[in-house]
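This is model.txt. It holds compact mmCIF, C-alpha atoms.
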# COMPACT_ATOMS: atom_id res chain seq x y z
CA MET Y 150 13.05 59.83 216.18
CA PRO Y 151 15.25 59.50 219.23
CA THR Y 152 18.36 61.65 219.34
CA ARG Y 153 21.70 60.15 220.22
CA SER Y 154 24.67 61.93 221.67
CA LEU Y 155 27.76 62.45 219.56
CA ASP Y 156 29.78 60.19 221.89
CA ALA Y 157 27.30 57.35 221.41
CA ILE Y 158 27.65 57.62 217.65
CA ARG Y 159 31.47 57.66 217.83
CA GLU Y 160 31.56 54.56 220.03
CA GLN Y 161 29.53 52.47 217.60
CA PRO Y 162 31.69 49.82 215.97
CA SER Y 163 32.28 50.39 212.27
CA PRO Y 164 30.85 47.79 209.95
CA ARG Y 165 33.38 45.12 208.94
CA ILE Y 166 33.57 42.73 206.08
CA ALA Y 167 34.61 39.10 206.30
CA SER Y 168 38.36 39.84 206.20
CA GLY Y 169 38.11 42.13 209.18
CA LEU Y 170 38.74 45.35 207.24
CA ARG Y 171 36.46 48.34 207.28
CA THR Y 172 34.22 48.78 204.28
CA CYS Y 173 35.31 51.48 201.88
CA THR Y 174 33.35 54.69 201.87
CA PRO Y 175 32.32 56.26 198.57
CA ILE Y 176 34.99 58.94 199.03
CA ARG Y 177 37.69 56.35 199.63
CA ASN Y 178 36.48 54.38 196.59
CA GLY Y 179 36.70 57.53 194.47
CA LEU Y 180 40.21 58.29 195.71
CA LEU Y 181 41.37 54.75 195.01
CA LEU Y 182 39.85 54.85 191.55
CA ALA Y 183 41.56 58.18 190.81
CA LEU Y 184 44.90 56.82 192.07
CA PHE Y 185 44.68 53.72 189.88
CA ALA Y 186 43.69 55.81 186.85
CA LEU Y 187 46.68 58.09 187.46
CA LEU Y 188 49.05 55.14 187.78
CA ALA Y 189 47.64 53.49 184.68
CA GLY Y 190 48.13 56.71 182.71
CA CYS Y 191 51.75 56.95 183.83
CA ALA Y 192 52.41 53.34 182.95
CA SER Y 193 51.20 53.79 179.41
CA GLN Y 194 53.85 56.39 178.54
CA ARG Y 195 56.85 55.08 176.61
CA VAL Y 196 60.03 55.58 178.57
CA ASP Y 197 62.33 55.10 175.59
CA SER Y 198 60.91 57.99 173.54
CA PRO Y 199 62.28 61.30 174.82
CA GLN Y 200 60.14 64.43 174.65
CA VAL Y 201 61.55 66.87 172.10
CA ALA Y 202 61.00 70.47 173.19
CA SER Y 203 58.35 72.06 171.00
CA GLY Y 204 59.77 75.14 169.37
CA GLY Y 205 63.17 74.34 170.87
CA TYR Y 206 66.57 73.96 169.28
CA ARG Y 207 66.71 71.77 166.17
CA ALA Y 208 69.52 71.60 163.63
CA GLU Y 209 71.03 69.29 161.03
CA GLY Y 210 74.71 69.03 160.27
CA LYS Y 211 77.75 66.81 160.65
CA ALA Y 212 78.76 65.03 163.84
CA SER Y 213 82.15 63.68 164.79
CA TYR Y 214 83.33 62.01 167.97
CA TYR Y 215 86.23 62.23 170.35
CA GLY Y 216 87.49 59.53 172.66
CA ALA Y 217 90.70 58.13 174.11
CA ARG Y 218 92.96 61.08 173.32
CA HIS Y 219 90.78 63.42 175.42
CA HIS Y 220 89.72 60.90 178.11
CA GLY Y 221 90.27 62.31 181.60
CA HIS Y 222 90.98 65.89 180.48
CA LYS Y 223 88.85 68.73 181.82
CA THR Y 224 85.97 69.88 179.63
CA ALA Y 225 84.82 73.48 179.29
CA SER Y 226 82.18 72.82 181.98
CA GLY Y 227 84.92 71.82 184.44
CA GLU Y 228 84.13 68.13 184.62
CA ARG Y 229 86.49 65.44 183.40
CA PHE Y 230 85.77 64.01 179.95
CA ASP Y 231 84.68 60.36 180.07
CA GLN Y 232 84.69 58.64 176.69
CA ASN Y 233 82.28 56.03 178.13
CA ALA Y 234 79.63 58.56 179.16
CA LEU Y 235 76.81 59.80 176.93
CA THR Y 236 78.05 63.38 176.56
CA ALA Y 237 78.76 65.85 173.77
CA ALA Y 238 80.34 69.17 172.88
CA HIS Y 239 78.29 71.94 171.27
CA ARG Y 240 79.21 75.55 170.53
CA SER Y 241 76.22 77.30 172.07
CA LEU Y 242 73.77 75.01 173.91
CA PRO Y 243 73.90 75.45 177.71
CA PHE Y 244 75.90 72.96 179.76
CA GLY Y 245 73.62 70.26 181.13
CA SER Y 246 71.23 70.45 178.16
CA ARG Y 247 70.03 67.09 176.93
CA VAL Y 248 69.74 66.60 173.19
CA LEU Y 249 68.55 63.82 170.95
CA VAL Y 250 71.12 63.11 168.23
CA THR Y 251 69.88 61.06 165.26
CA ASN Y 252 72.21 59.54 162.66
CA LEU Y 253 70.49 60.39 159.38
CA ARG Y 254 72.16 57.48 157.56
CA ASN Y 255 70.61 54.75 159.72
CA ASP Y 256 67.97 56.57 161.85
CA LYS Y 257 69.60 55.46 165.13
CA SER Y 258 69.37 57.93 168.02
CA VAL Y 259 71.06 58.64 171.33
CA VAL Y 260 70.35 61.15 174.11
CA VAL Y 261 73.46 63.01 175.27
CA ARG Y 262 74.20 65.74 177.80
CA ILE Y 263 76.15 68.81 176.70
CA ASN Y 264 79.24 69.22 178.90
CA ASP Y 265 81.85 70.75 176.59
CA ARG Y 266 82.36 73.40 173.90
CA GLY Y 267 83.18 72.55 170.31
CA PRO Y 268 83.54 71.13 167.79
CA TYR Y 269 86.37 73.25 166.48
CA ALA Y 270 86.54 71.59 163.04
CA ARG Y 271 84.85 73.66 160.36
CA GLY Y 272 81.44 72.41 159.22
CA ARG Y 273 80.74 70.27 162.28
CA LEU Y 274 77.67 70.70 164.45
CA ILE Y 275 78.39 68.45 167.45
CA ASP Y 276 81.17 66.26 168.88
CA LEU Y 277 79.96 63.10 170.59
CA SER Y 278 81.70 60.94 173.17
CA GLN Y 279 82.92 57.58 171.90
CA LYS Y 280 80.09 55.77 173.75
CA ALA Y 281 77.44 57.98 172.12
CA ALA Y 282 79.07 57.49 168.71
CA GLU Y 283 78.95 53.71 169.24
CA GLN Y 284 75.23 53.83 169.97
CA ILE Y 285 74.41 55.47 166.63
CA ASP Y 286 76.91 53.34 164.68
CA MET Y 287 79.21 56.10 163.51
CA LEU Y 288 82.59 54.85 164.77
CA ARG Y 289 83.70 53.46 161.44
CA ALA Y 290 82.61 56.49 159.41
CA GLY Y 291 83.97 59.04 161.89
CA VAL Y 292 81.75 61.85 160.59
CA VAL Y 293 78.06 61.42 159.77
CA PRO Y 294 75.08 63.66 159.02
CA VAL Y 295 72.87 64.09 162.13
CA ARG Y 296 69.81 65.88 163.44
CA VAL Y 297 70.17 67.46 166.91
CA GLU Y 298 67.01 68.26 168.88
CA ALA Y 299 66.85 69.79 172.34
CA LEU Y 300 64.81 67.82 174.90
CA GLU Y 301 62.50 69.20 177.58
Using structure tokens, write down the structure from this file.
Amino acid sequence: MPTRSLDAIREQPSPRIASGLRTCTPIRNGLLLALFALLAGCASQRVDSPQVASGGYRAEGKASYYGARHHGHKTASGERFDQNALTAAHRSLPFGSRVLVTNLRNDKSVVVRINDRGPYARGRLIDLSQKAAEQIDMLRAGVVPVRVEALE
């Protein structure tokens, strides 16, 4: 079998298909297949179902909400309270924590970020912003039983 120099092999034109593109090598095919499988796996996850931290914080109690009277005032975290943001006050969870709050009367849920301390009313677990309270239909009642679960 005749031997060819490395330069002669490099200069050979690569095989082309009708569209003018190079044919895919088995390695490239495998990489493309892996990429599509990865993307398909990501696409199948539900975006609207938050991941509750396993073994994390979980409690049931009463929730209330605060709105216009506190709008624009500084919270314990230093940021200004916005009644139209999805935020909440909790006595001990770290600022920035995200929690899933579920109204136990109607099973509606909302994800809020802890940015304040409270509630200061006895027997209450969490104070929600007015926007968060709207989303779980508790405005009319004012105080409702809820489940609070920390998210990952």
So that I can check the surroundings of Y:Ala212, please list as an mmCIF file with C-alpha atoms, keeping the file's coordinate frame every protein, DNA and RNA residue that reaches within 10 Å of it, counting all atoms listed in the file and ignoring chain neighbours fewer than 6 positions away.
data_model
loop_
_atom_site.group_PDB
_atom_site.id
_atom_site.type_symbol
_atom_site.label_atom_id
_atom_site.label_comp_id
_atom_site.auth_asym_id
_atom_site.auth_seq_id
_atom_site.Cartn_x
_atom_site.Cartn_y
_atom_site.Cartn_z
ATOM 1 C CA ALA Y 237 78.760 65.850 173.770
ATOM 2 C CA VAL Y 250 71.120 63.110 168.230
ATOM 3 C CA THR Y 251 69.880 61.060 165.260
ATOM 4 C CA ASN Y 252 72.210 59.540 162.660
ATOM 5 C CA PRO Y 268 83.540 71.130 167.790
ATOM 6 C CA GLY Y 272 81.440 72.410 159.220
ATOM 7 C CA ARG Y 273 80.740 70.270 162.280
ATOM 8 C CA LEU Y 274 77.670 70.700 164.450
ATOM 9 C CA ILE Y 275 78.390 68.450 167.450
ATOM 10 C CA ASP Y 276 81.170 66.260 168.880
ATOM 11 C CA LEU Y 277 79.960 63.100 170.590
ATOM 12 C CA ALA Y 282 79.070 57.490 168.710
ATOM 13 C CA MET Y 287 79.210 56.100 163.510
ATOM 14 C CA GLY Y 291 83.970 59.040 161.890
ATOM 15 C CA VAL Y 292 81.750 61.850 160.590
ATOM 16 C CA VAL Y 293 78.060 61.420 159.770
ATOM 17 C CA PRO Y 294 75.080 63.660 159.020
ATOM 18 C CA VAL Y 295 72.870 64.090 162.130
ATOM 19 C CA ARG Y 296 69.810 65.880 163.440
ATOM 20 C CA VAL Y 297 70.170 67.460 166.910
#
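If you look at atom CA of Y:Asn233 and atom CA of Y:Glu301, they are 23.8 Å away from each other.
Atom CA of Y:Ala270 to atom CA of Y:Arg247 spans 22.0 Å [interatomic distance, one decimal].
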- Message: Excluding Y:Ala225 and its own-chain neighbours fewer than 4 positions away, which residues fall within 10 Å of it when counting only C-alpha atoms? Please give them as a list in words.
- Response: Arg229, Phe230, Ala238, Phe244, Asn264, Asp265, Arg266 and Gly267 of chain Y
Same residues, C-alpha atoms, saved as a tab-separated table (two decimals), in the frame of the given file:
chain	number	residue	atom	x	y	z
Y	229	ARG	CA	86.49	65.44	183.40
Y	230	PHE	CA	85.77	64.01	179.95
Y	238	ALA	CA	80.34	69.17	172.88
Y	244	PHE	CA	75.90	72.96	179.76
Y	264	ASN	CA	79.24	69.22	178.90
Y	265	ASP	CA	81.85	70.75	176.59
Y	266	ARG	CA	82.36	73.40	173.90
Y	267	GLY	CA	83.18	72.55	170.31
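We find atom CA of Y:Gln232 and atom CA of Y:Lys257 to be spaced 19.3 Å apart.
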- Item | Distance criterion (all atoms listed in the file): nearest to Y:Arg207 out of Y:Ile176, Y:Val248, Y:Val261, Y:Ile285 | Y:Val248
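Proximity to Y:Lys211 was assessed for Y:Arg271, Y:Arg240, Y:Arg262, Y:Lys223 counting all atoms listed in the file; the smallest distance is recorded for Y:Arg271.
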- Any idea what's packed within 10 Å of Y:Leu288, counting all atoms listed in the file, ignoring anything in its chain fewer than 5 positions away? Could you give it as JSON, numbers by chain? {"Y": [213, 214, 215, 279, 280, 281, 282, 283, 293]}
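Across Y:Ala208, Y:Ala290, Y:Leu235, Y:Ala217, the tightest approach to Y:Arg254 is made by Y:Ala290 when counting all atoms listed in the file.
Of the residues listed (Y:Ile263, Y:Ala299, Y:Ser258, Y:Tyr269), Y:Ile263 shows the shortest atom-to-atom separation from Y:Ser226; distances use all atoms listed in the file.
Of the listed residues (Y:Ser278, Y:Gln284, Y:Ser246, Y:Thr236), Y:Ser246 comes nearest to Y:Glu298; the distances count only C-alpha atoms.
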Padding of 8 Å on every side, edges along x, y and z, all listed atoms of stretch 254-264 of chain Y included: what centre and edge lengths in Å, to one decimal, does that box have, as AutoDock Vina command-line options?
--center_x 73.6 --center_y 62.0 --center_z 168.2 --size_x 27.3 --size_y 30.5 --size_z 37.3
